[in-house]
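I have placed the structure first, in the form of structure tokens, so that the comments after it can refer back to it.
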Amino acid sequence: MTPALPSRTDARRHHDPSVRGFASDNYAGAHPEVLAAIALANDGHQIAYGEDDYTDHLQRVMHSHFGPSAEAFPVFNGTGANVTALQALTDRWGAVICAESAHINVDEGGAPERMGGLKLLTVPTPDGKLTPELIDRQAWGWEDEHRAMPQVVSITQNTELGTVYTVDEVRAIVEHAHSKGMKVHLDGARIANAAASLDVPMRAFTNAVGVDVISYGGTKNGMLFGEAVVVLNPDAVSHMKHLRKMSMQLASKMRFVSVQLEALLAKDLWLRNARHANAMAQRLAAGVRSVDGVEILYPVQANAVFARLPHEVSSRLQKRFRFYFWDEAAGDVRWMCSFDTTEDDVDAFLQALKEEMAR
């Protein structure tokens, strides 16, 4: 006999849900449709470690977005997705070319190097975007045993600076990398925001142009937790299942990651969430442009606004709305919008910004 479930929980709310911020799209909670999907998957028993019905169905959902050869490997988080994917694309002596500002270089605590044993060959970029010409600064020395061998180009869509690669830009990178015998990894932590910005399907700048592997991001787009490594070119990788386990990214109750990805991708929740976050960033940018003394640093193409303003103003403003300095010495800040950012949130922040600038 199945034991009766408790009728109540002893958990208590420990935060003020009225507090809003612009620090990160990771600050947002999970979308109600995602939470409902988790509850739907919760009853009964399912085979562990990915042999469940939800992970099986997720493969068909991924095919609808990325083609029939796509295979999804759900993981816990973005760093795990990136490190596992890059290991699968490289030999022990391999190196990865990326932008100097790439998340794998500046925000993953050295995990690609320490956990993946990878050498990152970085390139400074003016807007976070690599080009074939910039790639060639590091794409050399394949026969030099004194140098880590460039085997992968990793791009981020959209970039850490909020800019978006066009379809043609990604195609040019892929064709250039492949012509030199290198593979291409796309860090898609905000892939939905990029697709919404370009108004194209995600396949337009992934499998359709020859990208080999994606780190698919769901947490920033409304999931509770979890991402996926999506292999688009099976010939480009080896032993993904074993690498996922060795990288400590194999979820025993994988159905709860897979069903969240299904909730996002089976219909249009991924796109609705991304379009809304992008629209709120546009609203924020439009208001910021009217404030004297505040400079927007990069094109606002997704859900991020990068700005420069007096340091003391930012310090005061942070006491009212949480956000991060991007380059504290220069006074550069980053403001992020999420799927649950409201027009009232943006307008309240703009009013606070104007008040602090006027002091």
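Ordered as shown in the structure tokens, chains take letters A, B, and onward, while each chain numbers its residues from 1 and ligands are numbered from 1 in the order shown.
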
Quick one: contact table of segment 68-162 of chain A to segment 49-62 of chain A, 10 Å max, nearest atom pair and distance in Å to one decimal per residue, counting only C-alpha atoms, chain and number order, as a Markdown table?
| residue | atom | partner | partner_atom | distance |
| --- | --- | --- | --- | --- |
| A:Pro68 | CA | A:Arg60 | CA | 8.1 |
| A:Ser69 | CA | A:Met62 | CA | 9.4 |
| A:Ala70 | CA | A:Met62 | CA | 6.6 |
| A:Glu71 | CA | A:Gln59 | CA | 6.1 |
| A:Ala72 | CA | A:Gln59 | CA | 6.2 |
| A:Phe73 | CA | A:Gly50 | CA | 8.6 |
| A:Pro74 | CA | A:Thr55 | CA | 8.1 |

Keeping only N, CA and C atoms, write the selected residues to a file as a short mmCIF file (atom, residue, chain, number, x, y, z; two decimals), in the first residue's frame.
data_model
loop_
_atom_site.label_atom_id
_atom_site.label_comp_id
_atom_site.auth_asym_id
_atom_site.auth_seq_id
_atom_site.Cartn_x
_atom_site.Cartn_y
_atom_site.Cartn_z
N PRO A 68 16.91 15.34 -37.14
CA PRO A 68 16.78 13.95 -36.69
C PRO A 68 18.04 13.34 -36.11
N SER A 69 19.20 13.94 -36.36
CA SER A 69 20.43 13.37 -35.81
C SER A 69 20.77 13.93 -34.43
N ALA A 70 20.01 14.90 -33.96
CA ALA A 70 20.30 15.52 -32.67
C ALA A 70 20.03 14.54 -31.53
N GLU A 71 20.94 14.53 -30.56
CA GLU A 71 20.76 13.71 -29.37
C GLU A 71 21.06 14.56 -28.14
N ALA A 72 20.12 14.58 -27.21
CA ALA A 72 20.25 15.42 -26.02
C ALA A 72 20.73 14.60 -24.84
N PHE A 73 21.67 15.17 -24.10
CA PHE A 73 22.20 14.57 -22.88
C PHE A 73 21.96 15.57 -21.74
N PRO A 74 20.85 15.43 -21.01
CA PRO A 74 20.57 16.37 -19.92
C PRO A 74 21.67 16.34 -18.86
#

### Task
Once DSSP has gone over the backbone, tell me which residues of segment 24-263 of chain A are in strand (DSSP E or B), as a ChimeraX atom specification.
/A:71-75,94-99,119-123,149-156,183-188,213-217,227-231

### Message
Between atom CA of Arg334 of chain A and atom CA of Val305 of chain A, what distance in Å does the model show, to one decimal?
### Response
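A separation of 5.8 Å between them.
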
### Query
Can you tell me, as an NGL selection string, what residues are no more than 7 Å from segment 264-275 of chain A when counting only C-alpha atoms, ignoring any on the same chain fewer than 2 positions away?
:A and (61 or 192-193 or 196 or 221 or 260-262 or 277-279 or 339)

Backbone-only DSSP, alpha helix (DSSP H) members of segment 84-259 of chain A, as a short mmCIF file (atom, residue, chain, number, x, y, z; two decimals) with C-alpha atoms, in the first residue's frame:
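Below is the file part-v1.cif, written as the result:
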data_model
loop_
_atom_site.label_atom_id
_atom_site.label_comp_id
_atom_site.auth_asym_id
_atom_site.auth_seq_id
_atom_site.Cartn_x
_atom_site.Cartn_y
_atom_site.Cartn_z
CA THR A 84 31.42 17.82 -20.91
CA ALA A 85 30.77 18.98 -24.48
CA LEU A 86 34.29 20.33 -24.96
CA GLN A 87 35.86 17.15 -23.59
CA ALA A 88 33.82 15.13 -26.08
CA LEU A 89 35.14 17.26 -28.95
CA HIS A 103 31.93 32.35 -20.11
CA ILE A 104 34.19 29.30 -20.26
CA ASN A 105 37.16 31.63 -19.82
CA VAL A 106 36.03 34.14 -17.20
CA ALA A 111 36.62 24.24 -14.70
CA PRO A 112 37.51 23.70 -18.38
CA GLU A 113 41.20 23.64 -17.42
CA ARG A 114 41.02 21.88 -14.06
CA PRO A 132 37.28 33.93 -39.01
CA GLU A 133 40.03 36.56 -38.91
CA LEU A 134 40.07 36.64 -35.11
CA ILE A 135 40.05 32.85 -34.95
CA VAL A 167 23.08 33.35 -39.14
CA ASP A 168 25.65 34.32 -41.77
CA GLU A 169 28.25 35.11 -39.09
CA VAL A 170 27.87 31.68 -37.50
CA ARG A 171 27.96 30.01 -40.92
CA ALA A 172 31.21 31.80 -41.78
CA ILE A 173 32.79 30.69 -38.51
CA VAL A 174 31.70 27.07 -38.96
CA GLU A 175 32.91 26.89 -42.55
CA HIS A 176 36.24 28.45 -41.57
CA ALA A 177 36.73 26.17 -38.58
CA HIS A 178 35.80 23.03 -40.50
CA SER A 179 38.13 23.99 -43.35
CA ILE A 191 20.19 30.50 -27.13
CA ALA A 192 16.45 31.23 -26.89
CA ASN A 193 17.10 34.96 -26.49
CA ALA A 194 19.31 34.92 -29.58
CA ALA A 195 16.69 33.14 -31.67
CA ALA A 196 14.02 35.55 -30.47
CA SER A 197 16.25 38.50 -31.33
CA LEU A 198 16.99 37.21 -34.83
CA MET A 240 29.42 11.28 -24.48
CA LYS A 241 27.63 8.99 -22.00
CA HIS A 242 30.86 8.06 -20.26
CA LEU A 243 32.11 11.65 -20.21
CA ARG A 244 28.85 12.90 -18.70
CA LYS A 245 29.20 10.39 -15.87
CA MET A 246 32.90 11.15 -15.31
CA ARG A 255 13.17 12.74 -15.70
CA PHE A 256 12.98 15.96 -13.66
CA VAL A 257 15.52 17.67 -15.93
CA SER A 258 14.08 16.23 -19.13
CA VAL A 259 10.49 17.18 -18.38
#

### Query
Any idea what's packed within 10 Å of Trp93 of chain A, counting only C-alpha atoms, ignoring anything in its chain fewer than 4 positions away? Could you give it as a PyMOL selection string?
chain A and resi 117-119+145+147-151

#### Entry: Proximity to Leu232 of chain A - best of A:Ala263, A:Phe66, A:Glu33, A:Met182, only C-alpha atoms
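Of A:Ala263, A:Phe66, A:Glu33, A:Met182, the one nearest Leu232 of chain A, counting only C-alpha atoms, is A:Phe66.
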
#### Entry: Residue with smallest distance to Asn82 of chain A - pool A:Gly287, A:Gly21, A:Gly188, A:Gly94, counting only C-alpha atoms
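Selected residue with least distance to Asn82 of chain A: A:Gly188.
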
### Task
Please provide as a PyMOL selection string all residues within 8 Å of Leu317 of chain A, with the sequence filter that same-chain residues fewer than 3 positions apart are discarded (counting only C-alpha atoms).
chain A and resi 313-314+320-322+352-353+356

### Task
Work out how far atom CA of Lys129 of chain A is from atom CA of Ala204 of chain A, in Å to one decimal.
17.8 Å

### Task
Find, counting only C-alpha atoms, the residue in A:Arg92, A:Phe22, A:Ala28, A:Gln301 that gets nearest to Gln157 of chain A.
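Answer, going by the shortest atom-to-atom distance: A:Gln301.
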
### Summary
One residue among A:Glu227, A:Asp199, A:Asp136, A:Glu100 is nearest to Leu161 of chain A when using only C-alpha atoms, and that residue is A:Glu100

### Task
Tell me, in Å to one decimal, how far atom CA of Met254 of chain A is from atom CA of Ala228 of chain A.
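A separation of 11.1 Å between them.
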
### Query
Of the candidates A:Arg137, A:His65, A:Asp345, A:Ile97, which shows the shortest atom-to-atom distance to Ala208 of chain A, using only C-alpha atoms?
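Among the listed residues, A:His65 lies closest to Ala208 of chain A.
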